Every structure is written in C-alpha cells, then in structure tokens.
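> Contents of target_18.pdb (PDB, C-alpha atoms):
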```pdb
ATOM      1  CA  SER A 372      98.671  86.891 103.713
ATOM      2  CA  SER A 373      95.270  87.165 102.097
ATOM      3  CA  ALA A 374      93.485  86.265  98.879
ATOM      4  CA  GLY A 375      90.376  87.742  97.326
ATOM      5  CA  GLY A 376      89.155  89.200  94.081
ATOM      6  CA  ASP A 377      91.830  88.150  91.605
ATOM      7  CA  SER A 378      94.885  88.882  93.748
ATOM      8  CA  ILE A 379      96.955  87.528  96.599
ATOM      9  CA  SER A 380      98.670  89.775  99.138
ATOM     10  CA  LEU A 381     101.770  88.650 100.994
ATOM     11  CA  VAL A 382     103.402  90.676 103.775
ATOM     12  CA  PHE A 383     106.905  89.953 105.055
ATOM     13  CA  ALA A 384     108.644  91.000 108.281
ATOM     14  CA  GLY A 385     111.285  93.080 106.501
ATOM     15  CA  ARG A 386     111.953  94.930 103.284
ATOM     16  CA  LEU A 387     112.345  92.937 100.078
ATOM     17  CA  SER A 388     114.737  93.361  97.174
ATOM     18  CA  PRO A 389     112.583  95.227  94.613
ATOM     19  CA  ASP A 390     114.026  93.293  91.662
ATOM     20  CA  ALA A 391     113.391  89.893  93.261
ATOM     21  CA  ALA A 392     109.989  90.863  94.671
ATOM     22  CA  THR A 393     108.555  91.973  91.312
ATOM     23  CA  ALA A 394     109.885  89.081  89.185
ATOM     24  CA  ILE A 395     106.939  86.827  88.311
ATOM     25  CA  ALA A 396     109.304  83.864  87.884
ATOM     26  CA  ASN A 397     110.021  83.981  91.642
ATOM     27  CA  TYR A 398     106.487  82.816  92.488
ATOM     28  CA  ALA A 399     104.647  79.544  91.875
ATOM     29  CA  VAL A 400     100.899  79.794  92.528
ATOM     30  CA  THR A 401      98.442  76.928  92.796
ATOM     31  CA  VAL A 402      94.705  77.166  93.391
ATOM     32  CA  ASN A 403      93.205  73.972  94.816
ATOM     33  CA  GLY A 404      96.334  72.176  93.612
ATOM     34  CA  GLN A 405      96.163  73.488  90.022
ATOM     35  CA  PRO A 406      98.947  75.795  88.748
ATOM     36  CA  VAL A 407      97.869  79.350  87.898
ATOM     37  CA  ASP A 408     100.166  81.815  86.113
ATOM     38  CA  ALA A 409     100.580  85.197  87.779
ATOM     39  CA  GLN A 410      99.943  88.184  85.500
ATOM     40  CA  SER A 411     101.884  90.719  87.563
ATOM     41  CA  VAL A 412     103.532  91.316  90.925
ATOM     42  CA  THR A 413     103.555  94.737  92.557
ATOM     43  CA  LEU A 414     105.746  95.746  95.489
ATOM     44  CA  GLY A 415     103.954  97.775  98.153
ATOM     45  CA  ARG A 416     105.129 101.257  99.164
ATOM     46  CA  SER A 417     106.547 100.007 102.462
ATOM     47  CA  GLY A 418     108.759  97.538 100.573
ATOM     48  CA  ASN A 419     107.748  94.529 102.673
ATOM     49  CA  GLY A 420     104.624  93.345 100.857
ATOM     50  CA  VAL A 421     103.583  92.235  97.388
ATOM     51  CA  VAL A 422     100.322  91.872  95.506
ATOM     52  CA  ILE A 423     100.234  89.027  93.000
ATOM     53  CA  THR A 424      97.575  89.501  90.319
ATOM     54  CA  LEU A 425      96.075  86.389  88.738
ATOM     55  CA  PRO A 426      93.894  86.035  85.622
ATOM     56  CA  GLN A 427      90.324  87.247  86.114
ATOM     57  CA  GLY A 428      88.088  84.553  87.592
ATOM     58  CA  SER A 429      90.965  82.499  89.017
ATOM     59  CA  LEU A 430      89.769  82.794  92.611
ATOM     60  CA  THR A 431      86.446  82.012  94.242
ATOM     61  CA  ALA A 432      85.517  81.911  97.919
ATOM     62  CA  GLY A 433      86.747  78.910  99.858
ATOM     63  CA  GLN A 434      89.547  77.909  97.494
ATOM     64  CA  LYS A 435      92.978  77.059  98.917
ATOM     65  CA  VAL A 436      95.796  79.114  97.390
ATOM     66  CA  THR A 437      99.434  78.141  97.805
ATOM     67  CA  VAL A 438     102.263  80.498  96.852
ATOM     68  CA  ALA A 439     105.836  79.230  96.828
ATOM     69  CA  TYR A 440     108.382  82.038  96.597
ATOM     70  CA  THR A 441     112.115  82.494  96.130
ATOM     71  CA  LEU A 442     113.029  86.076  97.034
ATOM     72  CA  GLN A 443     115.752  88.170  98.600
ATOM     73  CA  ASP A 444     115.450  90.581 101.467
ATOM     74  CA  GLY A 445     116.731  94.142 101.290
ATOM     75  CA  SER A 446     120.235  92.931 102.257
ATOM     76  CA  GLY A 447     120.358  90.313  99.506
ATOM     77  CA  LEU A 448     119.797  87.309 101.786
ATOM     78  CA  ALA A 449     117.705  84.423 100.439
ATOM     79  CA  LEU A 450     114.073  84.349 101.518
ATOM     80  CA  ASP A 451     112.386  81.153 100.358
ATOM     81  CA  GLY A 452     109.093  79.789 101.591
ATOM     82  CA  THR A 453     105.470  78.932 101.052
ATOM     83  CA  ALA A 454     102.290  80.755 102.043
ATOM     84  CA  VAL A 455      98.892  79.049 102.145
ATOM     85  CA  VAL A 456      95.675  81.072 102.321
ATOM     86  CA  THR A 457      91.970  80.458 101.812
ATOM     87  CA  VAL A 458      90.119  82.805  99.469
ATOM     88  CA  SER A 459      87.603  85.129 101.118
ATOM     89  CA  LYS A 460      85.538  86.992  98.576
TER
END
```
Would you mind giving the structure from this file in structure tokens?

Amino acid sequence: SSAGGDSISLVFAGRLSPDAATAIANYAVTVNGQPVDAQSVTLGRSGNGVVITLPQGSLTAGQKVTVAYTLQDGSGLALDGTAVVTVSK
C-alpha cells in the first residue's frame, strides 16, 4: 500500500472481483481522521491492485491515511479489512 500525489494504491495477494473493486461505496477513506470522498477507483491490469483517486490537494507528506474496504476476491469470497499508510510526496 502507498499514498502520494492525490491517490492511494492498494495491492492484494490475489485477484479481486472487478465489480466490487471499482465500486467507490466499498471504500471509506480518512486522512488524519477526517473522512475524504474518493473520486474514482481503478483496478490494475493484474487484477489484484486498485488506485483510489481523491480530490486534488487531499494529501500532503506525513499525513496518515486509513482505507477501510469491503471487497470480494475473484472467487466471490468476502475480503474486508483496513489499510493504513503514511503519505510520501
């Protein structure tokens, strides 16, 4: 997982369900404890990573970003969790 610019990248061990992975409603993002609405979510070519785009200026170096997600893997099994990263810009 990484954060920089105005996006957050998450990489998972296996392939994700494309429909679940690209649904903005499946992610809750906070920056330093404040909710931030995602603008888009893009599934990577390999199918196991996403890039979550936030509004311009949402991230600055040193901020703590938390992403809670409710997804499905490629077999339809639930994949829920939380990723915490620090912004490096």
> Would you kindly translate the PyMOL selection byres ((chain A and resi 410) around 8) into the concrete residues it picks from this file, as a ChimeraX atom specification?
/A:395,408-409,411-412,423-426
> What residues come out when you apply the PyMOL selection byres ((chain A and resi 438-444) around 10) to this file, written as a ChimeraX atom specification?
/A:379,381,383-402,406,418-419,423,436-437,445-456
> Generate a file of the selected residues that holds C-alpha atoms, formatted as a JSON list (two decimals), keeping the file's coordinate frame.

```
[["chain", "number", "residue", "atom", "x", "y", "z"],
["A", 379, "ILE", "CA", 96.96, 87.53, 96.60],
["A", 381, "LEU", "CA", 101.77, 88.65, 100.99],
["A", 383, "PHE", "CA", 106.90, 89.95, 105.06],
["A", 384, "ALA", "CA", 108.64, 91.00, 108.28],
["A", 385, "GLY", "CA", 111.28, 93.08, 106.50],
["A", 386, "ARG", "CA", 111.95, 94.93, 103.28],
["A", 387, "LEU", "CA", 112.34, 92.94, 100.08],
["A", 388, "SER", "CA", 114.74, 93.36, 97.17],
["A", 389, "PRO", "CA", 112.58, 95.23, 94.61],
["A", 390, "ASP", "CA", 114.03, 93.29, 91.66],
["A", 391, "ALA", "CA", 113.39, 89.89, 93.26],
["A", 392, "ALA", "CA", 109.99, 90.86, 94.67],
["A", 393, "THR", "CA", 108.56, 91.97, 91.31],
["A", 394, "ALA", "CA", 109.88, 89.08, 89.18],
["A", 395, "ILE", "CA", 106.94, 86.83, 88.31],
["A", 396, "ALA", "CA", 109.30, 83.86, 87.88],
["A", 397, "ASN", "CA", 110.02, 83.98, 91.64],
["A", 398, "TYR", "CA", 106.49, 82.82, 92.49],
["A", 399, "ALA", "CA", 104.65, 79.54, 91.88],
["A", 400, "VAL", "CA", 100.90, 79.79, 92.53],
["A", 401, "THR", "CA", 98.44, 76.93, 92.80],
["A", 402, "VAL", "CA", 94.70, 77.17, 93.39],
["A", 406, "PRO", "CA", 98.95, 75.80, 88.75],
["A", 418, "GLY", "CA", 108.76, 97.54, 100.57],
["A", 419, "ASN", "CA", 107.75, 94.53, 102.67],
["A", 423, "ILE", "CA", 100.23, 89.03, 93.00],
["A", 436, "VAL", "CA", 95.80, 79.11, 97.39],
["A", 437, "THR", "CA", 99.43, 78.14, 97.80],
["A", 445, "GLY", "CA", 116.73, 94.14, 101.29],
["A", 446, "SER", "CA", 120.24, 92.93, 102.26],
["A", 447, "GLY", "CA", 120.36, 90.31, 99.51],
["A", 448, "LEU", "CA", 119.80, 87.31, 101.79],
["A", 449, "ALA", "CA", 117.70, 84.42, 100.44],
["A", 450, "LEU", "CA", 114.07, 84.35, 101.52],
["A", 451, "ASP", "CA", 112.39, 81.15, 100.36],
["A", 452, "GLY", "CA", 109.09, 79.79, 101.59],
["A", 453, "THR", "CA", 105.47, 78.93, 101.05],
["A", 454, "ALA", "CA", 102.29, 80.76, 102.04],
["A", 455, "VAL", "CA", 98.89, 79.05, 102.14],
["A", 456, "VAL", "CA", 95.68, 81.07, 102.32]]
```
> Would you compute the distance between CA of Val382 in chain A and CA of Leu430 in chain A? Give it in Å to one decimal.
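Distance between the two atoms: 19.3 Å.
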> To one decimal place, how far is CA of Gly428 in chain A from CA of Ser378 in chain A in Å?
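Answer for the CA of Gly428 in chain A to CA of Ser378 in chain A separation: 10.1 Å.
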> Take CA of Gln405 in chain A and CA of Val421 in chain A and report the distance between them in Å, one decimal.
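Computing the Euclidean distance for CA of Gln405 in chain A and CA of Val421 in chain A yields 21.5 Å.
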> Considering only C-alpha atoms, state which residue in the set A:Val407, A:Leu414, A:Ser459, A:Ser380 is at the smallest distance from Ala432 in chain A.
A:Ser459
> If we count all atoms listed in the file and set the cut-off at 7 Å, which residues sit around Thr457 in chain A, ignoring sequence neighbours fewer than 3 positions away in its own chain? Please answer as an NGL selection string.
:A and (374 or 433-436)
> Mind writing range 389-433 of chain A to a file for me, with N, CA and C atoms, as a compact mmCIF listing (two decimals), in the first residue's frame?

```
# COMPACT_ATOMS: atom_id res chain seq x y z
N PRO A 389 -13.83 -7.54 -10.21
CA PRO A 389 -13.79 -6.21 -10.82
C PRO A 389 -14.94 -5.30 -10.39
N ASP A 390 -16.14 -5.85 -10.28
CA ASP A 390 -17.29 -5.03 -9.88
C ASP A 390 -17.12 -4.49 -8.47
N ALA A 391 -16.71 -5.33 -7.54
CA ALA A 391 -16.52 -4.91 -6.15
C ALA A 391 -15.34 -3.95 -6.03
N ALA A 392 -14.26 -4.26 -6.75
CA ALA A 392 -13.03 -3.46 -6.62
C ALA A 392 -13.20 -2.03 -7.12
N THR A 393 -14.06 -1.81 -8.09
CA THR A 393 -14.20 -0.47 -8.68
C THR A 393 -15.40 0.31 -8.15
N ALA A 394 -16.11 -0.23 -7.17
CA ALA A 394 -17.26 0.46 -6.58
C ALA A 394 -16.79 1.37 -5.45
N ILE A 395 -16.91 2.67 -5.66
CA ILE A 395 -16.44 3.65 -4.67
C ILE A 395 -17.06 3.40 -3.30
N ALA A 396 -18.31 2.97 -3.27
CA ALA A 396 -19.01 2.74 -2.00
C ALA A 396 -18.34 1.67 -1.14
N ASN A 397 -17.46 0.86 -1.72
CA ASN A 397 -16.79 -0.21 -0.98
C ASN A 397 -15.55 0.26 -0.22
N TYR A 398 -15.28 1.55 -0.25
CA TYR A 398 -14.11 2.12 0.42
C TYR A 398 -14.51 3.29 1.30
N ALA A 399 -13.91 3.36 2.48
CA ALA A 399 -14.07 4.52 3.37
C ALA A 399 -12.67 5.04 3.66
N VAL A 400 -12.39 6.27 3.22
CA VAL A 400 -11.06 6.85 3.36
C VAL A 400 -11.07 7.97 4.39
N THR A 401 -10.09 7.95 5.28
CA THR A 401 -9.89 9.07 6.19
C THR A 401 -8.45 9.54 6.07
N VAL A 402 -8.26 10.84 6.19
CA VAL A 402 -6.93 11.43 6.18
C VAL A 402 -6.78 12.18 7.49
N ASN A 403 -5.83 11.73 8.31
CA ASN A 403 -5.66 12.27 9.66
C ASN A 403 -6.97 12.28 10.43
N GLY A 404 -7.77 11.21 10.26
CA GLY A 404 -9.01 11.06 10.98
C GLY A 404 -10.22 11.75 10.37
N GLN A 405 -10.03 12.50 9.30
CA GLN A 405 -11.14 13.21 8.65
C GLN A 405 -11.58 12.46 7.39
N PRO A 406 -12.89 12.21 7.24
CA PRO A 406 -13.36 11.49 6.04
C PRO A 406 -13.08 12.28 4.75
N VAL A 407 -12.67 11.57 3.73
CA VAL A 407 -12.42 12.14 2.40
C VAL A 407 -13.13 11.26 1.39
N ASP A 408 -13.93 11.85 0.51
CA ASP A 408 -14.65 11.09 -0.51
C ASP A 408 -13.74 10.75 -1.68
N ALA A 409 -13.71 9.47 -2.04
CA ALA A 409 -12.96 9.05 -3.23
C ALA A 409 -13.67 9.56 -4.47
N GLN A 410 -12.89 9.95 -5.49
CA GLN A 410 -13.46 10.40 -6.76
C GLN A 410 -13.60 9.24 -7.74
N SER A 411 -12.65 8.30 -7.68
CA SER A 411 -12.71 7.14 -8.57
C SER A 411 -11.83 6.03 -8.00
N VAL A 412 -12.10 4.82 -8.48
CA VAL A 412 -11.28 3.65 -8.13
C VAL A 412 -11.02 2.90 -9.42
N THR A 413 -9.75 2.62 -9.68
CA THR A 413 -9.35 1.93 -10.90
C THR A 413 -8.69 0.60 -10.53
N LEU A 414 -9.10 -0.46 -11.18
CA LEU A 414 -8.50 -1.77 -10.99
C LEU A 414 -7.28 -1.90 -11.89
N GLY A 415 -6.17 -2.36 -11.33
CA GLY A 415 -4.94 -2.53 -12.10
C GLY A 415 -5.06 -3.68 -13.09
N ARG A 416 -4.18 -3.70 -14.07
CA ARG A 416 -4.20 -4.73 -15.12
C ARG A 416 -4.08 -6.15 -14.58
N SER A 417 -3.30 -6.30 -13.51
CA SER A 417 -3.10 -7.64 -12.95
C SER A 417 -4.33 -8.14 -12.18
N GLY A 418 -5.26 -7.22 -11.86
CA GLY A 418 -6.48 -7.61 -11.18
C GLY A 418 -6.37 -7.72 -9.68
N ASN A 419 -5.18 -7.47 -9.12
CA ASN A 419 -5.02 -7.60 -7.67
C ASN A 419 -4.67 -6.28 -6.98
N GLY A 420 -4.80 -5.18 -7.67
CA GLY A 420 -4.50 -3.88 -7.07
C GLY A 420 -5.46 -2.82 -7.54
N VAL A 421 -5.66 -1.80 -6.70
CA VAL A 421 -6.52 -0.68 -7.05
C VAL A 421 -5.80 0.63 -6.77
N VAL A 422 -6.22 1.66 -7.51
CA VAL A 422 -5.77 3.02 -7.25
C VAL A 422 -7.01 3.83 -6.93
N ILE A 423 -7.03 4.41 -5.74
CA ILE A 423 -8.14 5.24 -5.29
C ILE A 423 -7.73 6.69 -5.47
N THR A 424 -8.47 7.43 -6.29
CA THR A 424 -8.16 8.84 -6.53
C THR A 424 -9.02 9.71 -5.62
N LEU A 425 -8.35 10.64 -4.95
CA LEU A 425 -9.00 11.57 -4.04
C LEU A 425 -9.03 12.96 -4.65
N PRO A 426 -9.83 13.88 -4.10
CA PRO A 426 -9.84 15.25 -4.62
C PRO A 426 -8.44 15.87 -4.55
N GLN A 427 -8.14 16.70 -5.53
CA GLN A 427 -6.84 17.36 -5.60
C GLN A 427 -6.55 18.10 -4.29
N GLY A 428 -5.33 17.94 -3.78
CA GLY A 428 -4.92 18.62 -2.56
C GLY A 428 -5.30 17.90 -1.28
N SER A 429 -5.87 16.71 -1.39
CA SER A 429 -6.30 15.96 -0.20
C SER A 429 -5.14 15.43 0.62
N LEU A 430 -4.01 15.15 -0.05
CA LEU A 430 -2.89 14.51 0.62
C LEU A 430 -1.65 15.40 0.62
N THR A 431 -1.01 15.44 1.78
CA THR A 431 0.30 16.10 1.88
C THR A 431 1.22 15.18 2.67
N ALA A 432 2.51 15.35 2.49
CA ALA A 432 3.50 14.47 3.10
C ALA A 432 3.31 14.38 4.61
N GLY A 433 3.43 13.16 5.12
CA GLY A 433 3.36 12.91 6.54
C GLY A 433 1.98 12.61 7.08
```
